[in-house]
Amino acid sequence: MGITFRKETFRDDFTFRNSPEHIRRFPFPFHEDSYMYAVNIEPHVVGPKGSVLENLIDVDEHYVAEMQDRALVLAEDPLRCQSLPHMTLAGWDLLELLMEQQALGYPEHFTLTRDGDRWRWINRPLGIDDTFTFGDTSTLPYGPMEYITRQSQGDFCILDQRDGNLWMDAGMVTTQADWSLDFDIGMNFFEWHAPVPLAHEKGIFTRALKFLTNIQQGKPARRLNWTMTINPRLDTSPENYHKWGPDRATVTPENVGDKVHLRVELQSFWRLPRSNGIVFPIRCYLIKMDELVTQPKWARRLHRVIRDLPEELANYKGLTRYRPTLVEWLSKLDDGSATSPGFGPD
Amino acid sequence: MAAKTIISRPIYGTLSPQPGTHHLFIADAEGALAISDMAAKAPAGFFDGTEIVFIPGADGQHVAALEALKPAQFHQAPSFASLLPRLKQTLTNAHMGLRLYLSGTEGLIGQAMQVALEAGIDHTSMQTEHRGSLARRMQCVHCKGITENVTTQPATCSHCGLLLLVRDHYSRRLAAFQGVCINAEDRSEIPPMEEAFP
């Protein structure tokens, strides 16, 4: 039995919803009642059946709609997908990784067959059946990174490793939490993280870089990150901030449950075999407050996290304008009782 | 020069004579003073293998002082744009071991560095010294247009007209600071425009 892909939108009429099964599998990012930055990196190994970790590259009911939204973003702004000239080999590495993982996890939807360098890729949900020569860019309709990331959920950054640092030298970034690939491309790990408050002083990035530069082939790692988004909008880019920014002023006590979304990024880190680069998929999951609070533990915990969030973090995450309204709404769902340890719902 | 900073914001040093026989100086306006100051510390014969390229400021000063250093080549350009074809050729034809010195406004240092990066020179090998105006080169993240010589905070994009917060976040590849709409959430909020980068 395959996935039933939803017909939905992430703009204009915003028809995006999670099914009840997808609410239960949402990667809730808080394991306790408060939040502060940490180097929360762990091995990216397969998790429980029915969770977003059931496969290392997760494909879900939003797949087709997300790929349609990505195509719309790219048509408006092709600079969301860029690759510096030395990154083509890493693009082929990524194509191989994503084809293998998607075919492995979802054989009813994706099939990869290889005869030497002659590869055939069948993507049934998107109606694609292409035969090409691995390593020969002229046999694909796009460069290898763009080709496969137009068929894979989440943003992808490919990092070149040199001089003991990681360099953001290629990427497909259309569902980002307010950072610009076009501006940051070519920067090193510390430079592209420069605007993040508090974390530099805590030594977070120095330790994270040390960990990431030591990632080995076949041993990916992962972490969760989060923010909040008004309306289920995937494209919250700085490029379009003047278009989606006004949404933040539309939150009222009556529409919090429908408009305010928790946005969780499942970030994973993979060593690429030929280029020795690192690919950094940033998979975005959205859930509206009305859906999230169907799990009482999550409602209580989110209330406490948002209420107690340090001011600088709230500003950086863009919550300032609607935080009081959100906290007031969530407080009614928090009876003060204890929450169980761990991320999952009770 | 800037009081508070973030990691992507460039940090400038003080020019000092580097070992080697080939030296290229690119400077604008008061950047000439950084070269004069450094010359006092330079070994004899240093300028025999040196080219100085200079874009004078509005006051037209410092040309004579640079010529007095007797560099092997001296070139005066009216603007960075007019200098570009010559600079590209110089860098393309340069041999391994050419030392690069950039001094003057941030816009000049950034744009010269951008051209040198494209020619394959590592940014950490370049000597830089900031002198003169703090005016910034800014890229509008929305329309991608570059506005030169930004002195105010916020600043108006000279291309699309949005009112932008001039961030400290800096791209060497674009040689520009990032400008992001300051009142995107409520366009009726117009923060006062202050002289921030004189």
# chains A, B, ... in the order shown; residues from 1 in each chain; ligands from 1
>>> residues_around(residues="A:Gln151", least_positions_apart="3", cutoff="9 Å", atoms="only C-alpha atoms", output="PyMOL selection string")
chain A and resi 63-64+67+123+126+146-148
>>> write_last_selection(atoms="C-alpha atoms", output="mmCIF file, in the first residue's frame")
data_model
loop_
_atom_site.group_PDB
_atom_site.id
_atom_site.type_symbol
_atom_site.label_atom_id
_atom_site.label_comp_id
_atom_site.auth_asym_id
_atom_site.auth_seq_id
_atom_site.Cartn_x
_atom_site.Cartn_y
_atom_site.Cartn_z
ATOM 1 C CA TYR A 63 5.355 15.080 -1.447
ATOM 2 C CA VAL A 64 3.574 15.951 -4.685
ATOM 3 C CA MET A 67 7.285 19.538 -5.422
ATOM 4 C CA ASN A 123 9.220 8.463 -10.202
ATOM 5 C CA LEU A 126 5.462 12.863 -10.513
ATOM 6 C CA GLU A 146 18.627 20.475 -9.536
ATOM 7 C CA TYR A 147 17.191 17.408 -11.270
ATOM 8 C CA ILE A 148 16.946 15.277 -8.135
#
>>> residues_around(residues="stretch 39-41 of chain B", least_positions_apart="3", cutoff="8 Å", atoms="only C-alpha atoms", output="JSON, numbers by chain")
{"B": [16, 17, 35, 36, 69]}
>>> interface_residues(of="chain B", to="chain A", cutoff="10 Å", atoms="only C-alpha atoms", output="ChimeraX atom specification")
/B:5-10,139-144,162,167-174,176-187
>>> select_by_dssp(residues="stretch 47-128 of chain B", states="helix (DSSP H, G or I)", output="ChimeraX atom specification")
/B:47-49,63-67,80-93,106-118,123-125
>>> residues_around(residues="B:His159", least_positions_apart="5", cutoff="8 Å", atoms="only C-alpha atoms", output="VMD selection string")
chain B and resid 143 145 to 147
>>> write_last_selection(atoms="N, CA and C atoms", output="PDB file, in the first residue's frame")
ATOM      1  N   CYS B 143      15.097  42.613  -4.480  1.00  0.00           N
ATOM      2  CA  CYS B 143      15.189  42.796  -5.938  1.00  0.00           C
ATOM      3  C   CYS B 143      16.592  42.494  -6.451  1.00  0.00           C
ATOM      4  N   GLY B 145      19.208  44.294  -6.435  1.00  0.00           N
ATOM      5  CA  GLY B 145      19.960  45.463  -6.895  1.00  0.00           C
ATOM      6  C   GLY B 145      20.974  45.921  -5.846  1.00  0.00           C
ATOM      7  N   ILE B 146      22.111  46.428  -6.321  1.00  0.00           N
ATOM      8  CA  ILE B 146      23.143  46.950  -5.422  1.00  0.00           C
ATOM      9  C   ILE B 146      22.997  48.463  -5.321  1.00  0.00           C
ATOM     10  N   THR B 147      22.979  48.972  -4.093  1.00  0.00           N
ATOM     11  CA  THR B 147      22.991  50.418  -3.877  1.00  0.00           C
ATOM     12  C   THR B 147      24.364  50.782  -3.321  1.00  0.00           C
TER      13      THR B 147
END
>>> select_by_dssp(residues="stretch 12-184 of chain A", states="strand (DSSP E or B)", output="MDAnalysis selection string")
chainID A and resid 42:43 81:83 110:115 118:123 128:133 155:162 165:172 177
>>> write_last_selection(atoms="N, CA and C atoms", output="CSV table (one decimal), in the first residue's frame")
chain,number,residue,atom,x,y,z
A,42,GLU,N,22.8,13.8,16.7
A,42,GLU,CA,22.8,12.3,17.0
A,42,GLU,C,22.9,11.5,15.7
A,43,PRO,N,23.3,10.3,15.8
A,43,PRO,CA,23.4,9.5,14.6
A,43,PRO,C,22.1,9.4,13.9
A,81,CYS,N,18.2,28.1,-6.7
A,81,CYS,CA,19.0,26.9,-6.9
A,81,CYS,C,20.3,27.3,-7.6
A,82,GLN,N,21.4,27.1,-6.9
A,82,GLN,CA,22.7,27.5,-7.4
A,82,GLN,C,23.8,26.5,-7.1
A,83,SER,N,24.8,26.4,-8.0
A,83,SER,CA,25.9,25.4,-7.7
A,83,SER,C,27.1,26.1,-8.3
A,110,PHE,N,9.0,4.6,-6.3
A,110,PHE,CA,10.3,5.0,-7.0
A,110,PHE,C,11.1,3.7,-7.4
A,111,THR,N,11.6,3.7,-8.6
A,111,THR,CA,12.5,2.6,-9.0
A,111,THR,C,13.7,3.1,-9.7
A,112,LEU,N,14.8,2.5,-9.2
A,112,LEU,CA,16.1,2.9,-9.8
A,112,LEU,C,16.7,1.6,-10.3
A,113,THR,N,17.1,1.5,-11.6
A,113,THR,CA,17.8,0.4,-12.2
A,113,THR,C,19.1,0.9,-12.9
A,114,ARG,N,20.1,0.1,-12.6
A,114,ARG,CA,21.5,0.5,-13.1
A,114,ARG,C,22.1,-0.6,-14.0
A,115,ASP,N,22.6,-0.1,-15.1
A,115,ASP,CA,23.4,-1.0,-16.0
A,115,ASP,C,24.7,-0.3,-16.3
A,118,ARG,N,24.6,3.5,-17.2
A,118,ARG,CA,23.3,3.7,-17.8
A,118,ARG,C,22.2,3.5,-16.7
A,119,TRP,N,21.6,4.6,-16.2
A,119,TRP,CA,20.6,4.5,-15.1
A,119,TRP,C,19.2,4.8,-15.7
A,120,ARG,N,18.2,4.1,-15.1
A,120,ARG,CA,16.8,4.4,-15.4
A,120,ARG,C,16.1,4.8,-14.0
A,121,TRP,N,15.5,5.9,-14.0
A,121,TRP,CA,14.8,6.4,-12.8
A,121,TRP,C,13.3,6.6,-13.1
A,122,ILE,N,12.5,5.8,-12.3
A,122,ILE,CA,11.1,6.0,-12.4
A,122,ILE,C,10.5,6.6,-11.2
A,123,ASN,N,9.9,7.8,-11.3
A,123,ASN,CA,9.2,8.5,-10.2
A,123,ASN,C,7.7,8.5,-10.5
A,128,ILE,N,7.5,10.6,-13.9
A,128,ILE,CA,8.8,10.7,-14.5
A,128,ILE,C,9.4,9.3,-14.8
A,129,ASP,N,9.9,9.1,-16.0
A,129,ASP,CA,10.6,7.9,-16.3
A,129,ASP,C,11.8,8.3,-17.3
A,130,ASP,N,13.0,8.5,-16.7
A,130,ASP,CA,14.1,9.0,-17.4
A,130,ASP,C,15.2,8.0,-17.4
A,131,THR,N,15.9,7.8,-18.6
A,131,THR,CA,17.1,7.1,-18.7
A,131,THR,C,18.3,8.0,-19.0
A,132,PHE,N,19.4,7.9,-18.3
A,132,PHE,CA,20.5,8.8,-18.4
A,132,PHE,C,21.8,8.2,-18.1
A,133,THR,N,22.9,8.9,-18.5
A,133,THR,CA,24.2,8.3,-18.2
A,133,THR,C,24.8,9.0,-16.9
A,155,ASP,N,14.9,21.3,1.7
A,155,ASP,CA,16.0,22.0,1.0
A,155,ASP,C,17.2,21.2,1.1
A,156,PHE,N,18.2,21.5,0.3
A,156,PHE,CA,19.4,20.8,0.3
A,156,PHE,C,20.6,21.8,0.1
A,157,CYS,N,21.6,21.7,1.0
A,157,CYS,CA,22.8,22.5,0.9
A,157,CYS,C,23.9,21.5,0.7
A,158,ILE,N,24.8,21.7,-0.3
A,158,ILE,CA,25.9,20.9,-0.4
A,158,ILE,C,27.1,21.7,0.0
A,159,LEU,N,27.9,21.1,0.9
A,159,LEU,CA,29.0,21.8,1.6
A,159,LEU,C,30.3,21.2,1.1
A,160,ASP,N,31.2,22.1,0.6
A,160,ASP,CA,32.5,21.6,0.2
A,160,ASP,C,33.4,21.7,1.5
A,161,GLN,N,34.2,20.6,1.7
A,161,GLN,CA,35.1,20.6,2.8
A,161,GLN,C,36.6,20.9,2.4
A,162,ARG,N,37.1,22.0,2.9
A,162,ARG,CA,38.5,22.4,2.7
A,162,ARG,C,39.0,23.3,3.7
A,165,ASN,N,37.3,23.7,7.1
A,165,ASN,CA,36.0,24.4,7.2
A,165,ASN,C,35.0,23.8,6.2
A,166,LEU,N,33.7,24.2,6.3
A,166,LEU,CA,32.7,23.7,5.4
A,166,LEU,C,32.2,25.0,4.6
A,167,TRP,N,32.1,24.9,3.3
A,167,TRP,CA,31.7,26.0,2.5
A,167,TRP,C,30.4,25.7,1.8
A,168,MET,N,29.5,26.7,1.9
A,168,MET,CA,28.2,26.6,1.3
A,168,MET,C,28.3,26.9,-0.2
A,169,ASP,N,28.6,25.8,-1.0
A,169,ASP,CA,29.0,26.1,-2.4
A,169,ASP,C,27.9,25.6,-3.4
A,170,ALA,N,26.8,25.0,-2.9
A,170,ALA,CA,25.7,24.6,-3.8
A,170,ALA,C,24.5,24.4,-3.0
A,171,GLY,N,23.3,24.6,-3.6
A,171,GLY,CA,22.1,24.4,-2.8
A,171,GLY,C,20.8,24.5,-3.6
A,172,MET,N,19.8,23.9,-3.1
A,172,MET,CA,18.4,24.1,-3.6
A,172,MET,C,17.6,24.5,-2.4
A,177,ALA,N,13.7,28.9,6.3
A,177,ALA,CA,13.3,29.8,7.4
A,177,ALA,C,14.1,31.1,7.3
>>> closest_residue(among="A:Gln68, A:Gln217, A:Thr15, A:Asn225", to="A:Arg263", atoms="only C-alpha atoms")
A:Asn225
>>> residues_around(residues="A:Leu302", least_positions_apart="4", cutoff="9 Å", atoms="only C-alpha atoms", output="list in words")
Phe30, Asp33, Ser34, Lys297, Trp298, Ile306, Arg307, Val327 and Leu330 of chain A
>>> residues_around(residues="stretch 91-102 of chain B", least_positions_apart="5", cutoff="6 Å", atoms="only C-alpha atoms", output="ChimeraX atom specification")
/B:22-27,109,126-128
>>> write_last_selection(atoms="C-alpha atoms", output="short mmCIF file (atom, residue, chain, number, x, y, z; two decimals), in the first residue's frame")
data_model
loop_
_atom_site.label_atom_id
_atom_site.label_comp_id
_atom_site.auth_asym_id
_atom_site.auth_seq_id
_atom_site.Cartn_x
_atom_site.Cartn_y
_atom_site.Cartn_z
CA HIS B 22 55.73 41.89 -6.87
CA HIS B 23 53.20 44.08 -5.08
CA LEU B 24 49.88 45.49 -6.27
CA PHE B 25 48.20 48.29 -4.30
CA ILE B 26 44.60 49.27 -4.99
CA ALA B 27 43.36 52.30 -3.05
CA ILE B 109 38.18 47.00 -0.64
CA MET B 126 45.28 39.99 0.98
CA GLN B 127 46.37 42.94 3.11
CA THR B 128 43.53 45.36 3.84
#
>>> residues_around(residues="A:Ala338", least_positions_apart="5", cutoff="12 Å", atoms="only C-alpha atoms", output="PDB file with N, CA and C atoms, in the first residue's frame")
ATOM      1  N   GLU A  32      11.829  18.565  26.572  1.00  0.00           N
ATOM      2  CA  GLU A  32      11.527  19.038  27.922  1.00  0.00           C
ATOM      3  C   GLU A  32      10.750  20.344  27.811  1.00  0.00           C
ATOM      4  N   ASP A  33      10.412  20.957  28.953  1.00  0.00           N
ATOM      5  CA  ASP A  33       9.502  22.105  28.950  1.00  0.00           C
ATOM      6  C   ASP A  33      10.183  23.442  28.697  1.00  0.00           C
ATOM      7  N   PRO A 296      -2.424  16.475  23.990  1.00  0.00           N
ATOM      8  CA  PRO A 296      -2.407  17.373  25.172  1.00  0.00           C
ATOM      9  C   PRO A 296      -1.000  17.617  25.718  1.00  0.00           C
ATOM     10  N   LYS A 297      -0.122  16.631  25.653  1.00  0.00           N
ATOM     11  CA  LYS A 297       1.239  16.832  26.174  1.00  0.00           C
ATOM     12  C   LYS A 297       1.960  17.920  25.378  1.00  0.00           C
ATOM     13  N   TRP A 298       1.800  17.881  24.061  1.00  0.00           N
ATOM     14  CA  TRP A 298       2.467  18.868  23.199  1.00  0.00           C
ATOM     15  C   TRP A 298       1.924  20.266  23.484  1.00  0.00           C
ATOM     16  N   ALA A 299       0.618  20.367  23.718  1.00  0.00           N
ATOM     17  CA  ALA A 299       0.005  21.675  23.992  1.00  0.00           C
ATOM     18  C   ALA A 299       0.598  22.268  25.265  1.00  0.00           C
ATOM     19  N   ARG A 300       0.681  21.465  26.331  1.00  0.00           N
ATOM     20  CA  ARG A 300       1.220  21.956  27.611  1.00  0.00           C
ATOM     21  C   ARG A 300       2.675  22.373  27.445  1.00  0.00           C
ATOM     22  N   ARG A 301       3.421  21.504  26.772  1.00  0.00           N
ATOM     23  CA  ARG A 301       4.862  21.770  26.659  1.00  0.00           C
ATOM     24  C   ARG A 301       5.142  22.988  25.774  1.00  0.00           C
ATOM     25  N   ARG A 304       4.743  26.227  27.578  1.00  0.00           N
ATOM     26  CA  ARG A 304       5.840  26.580  28.508  1.00  0.00           C
ATOM     27  C   ARG A 304       7.091  27.022  27.739  1.00  0.00           C
ATOM     28  N   ASP A 346       1.673  11.416  24.327  1.00  0.00           N
ATOM     29  CA  ASP A 346       1.349  10.351  25.298  1.00  0.00           C
ATOM     30  C   ASP A 346       0.404   9.344  24.666  1.00  0.00           C
TER      31      ASP A 346
END
>>> closest_residue(among="B:Thr151, B:Thr105, B:Gln18, B:Ser158", to="B:His130", atoms="only C-alpha atoms")
B:Thr105
>>> residues_around(residues="stretch 93-96 of chain A", least_positions_apart="6", cutoff="10 Å", atoms="only C-alpha atoms", output="number ranges by chain")
A: 87, 112, 134-135, 143-149, 152, 156, 158, 270-279
>>> write_last_selection(atoms="N, CA and C atoms", output="tab-separated table (two decimals), in the first residue's frame")
chain	number	residue	atom	x	y	z
A	87	MET	N	31.21	22.15	-7.99
A	87	MET	CA	30.32	21.30	-7.20
A	87	MET	C	29.51	20.29	-8.02
A	112	LEU	N	14.84	2.54	-9.20
A	112	LEU	CA	16.13	2.86	-9.82
A	112	LEU	C	16.74	1.56	-10.34
A	134	PHE	N	25.03	8.22	-15.90
A	134	PHE	CA	25.53	8.79	-14.65
A	134	PHE	C	26.86	9.50	-14.92
A	135	GLY	N	26.96	10.77	-14.52
A	135	GLY	CA	28.19	11.54	-14.71
A	135	GLY	C	28.17	12.41	-15.95
A	143	GLY	N	20.98	20.21	-14.27
A	143	GLY	CA	22.14	19.70	-13.58
A	143	GLY	C	21.70	18.63	-12.59
A	144	PRO	N	22.61	17.74	-12.17
A	144	PRO	CA	22.21	16.61	-11.33
A	144	PRO	C	21.58	17.03	-10.00
A	145	MET	N	22.10	18.07	-9.36
A	145	MET	CA	21.51	18.51	-8.09
A	145	MET	C	20.10	19.05	-8.30
A	146	GLU	N	19.96	19.91	-9.30
A	146	GLU	CA	18.63	20.47	-9.54
A	146	GLU	C	17.63	19.40	-9.96
A	147	TYR	N	18.09	18.46	-10.80
A	147	TYR	CA	17.19	17.41	-11.27
A	147	TYR	C	16.60	16.62	-10.10
A	148	ILE	N	17.45	16.16	-9.19
A	148	ILE	CA	16.95	15.28	-8.13
A	148	ILE	C	16.27	16.06	-7.02
A	149	THR	N	16.70	17.30	-6.79
A	149	THR	CA	16.05	18.05	-5.70
A	149	THR	C	14.73	18.68	-6.13
A	152	SER	N	12.60	15.85	-4.56
A	152	SER	CA	12.87	15.42	-3.19
A	152	SER	C	12.42	16.49	-2.23
A	156	PHE	N	18.16	21.53	0.27
A	156	PHE	CA	19.44	20.80	0.27
A	156	PHE	C	20.59	21.78	0.11
A	158	ILE	N	24.75	21.75	-0.27
A	158	ILE	CA	25.94	20.90	-0.43
A	158	ILE	C	27.15	21.71	0.00
A	270	TRP	N	25.28	14.16	5.60
A	270	TRP	CA	25.77	12.94	4.96
A	270	TRP	C	27.09	13.23	4.23
A	271	ARG	N	28.07	12.38	4.44
A	271	ARG	CA	29.30	12.47	3.66
A	271	ARG	C	29.03	11.93	2.26
A	272	LEU	N	29.52	12.65	1.26
A	272	LEU	CA	29.33	12.21	-0.13
A	272	LEU	C	30.60	11.50	-0.61
A	273	PRO	N	30.42	10.36	-1.30
A	273	PRO	CA	31.56	9.46	-1.53
A	273	PRO	C	32.60	9.95	-2.53
A	274	ARG	N	32.20	10.59	-3.62
A	274	ARG	CA	33.17	10.94	-4.67
A	274	ARG	C	33.80	12.31	-4.41
A	275	SER	N	32.97	13.26	-3.99
A	275	SER	CA	33.42	14.65	-3.84
A	275	SER	C	33.98	14.93	-2.45
A	276	ASN	N	33.74	14.04	-1.50
A	276	ASN	CA	34.06	14.28	-0.09
A	276	ASN	C	33.33	15.49	0.49
A	277	GLY	N	32.29	15.94	-0.20
A	277	GLY	CA	31.46	17.01	0.36
A	277	GLY	C	30.51	16.45	1.41
A	278	ILE	N	29.74	17.38	1.99
A	278	ILE	CA	28.69	16.99	2.94
A	278	ILE	C	27.38	17.52	2.37
A	279	VAL	N	26.36	16.65	2.33
A	279	VAL	CA	25.06	17.21	1.96
A	279	VAL	C	24.23	17.34	3.22
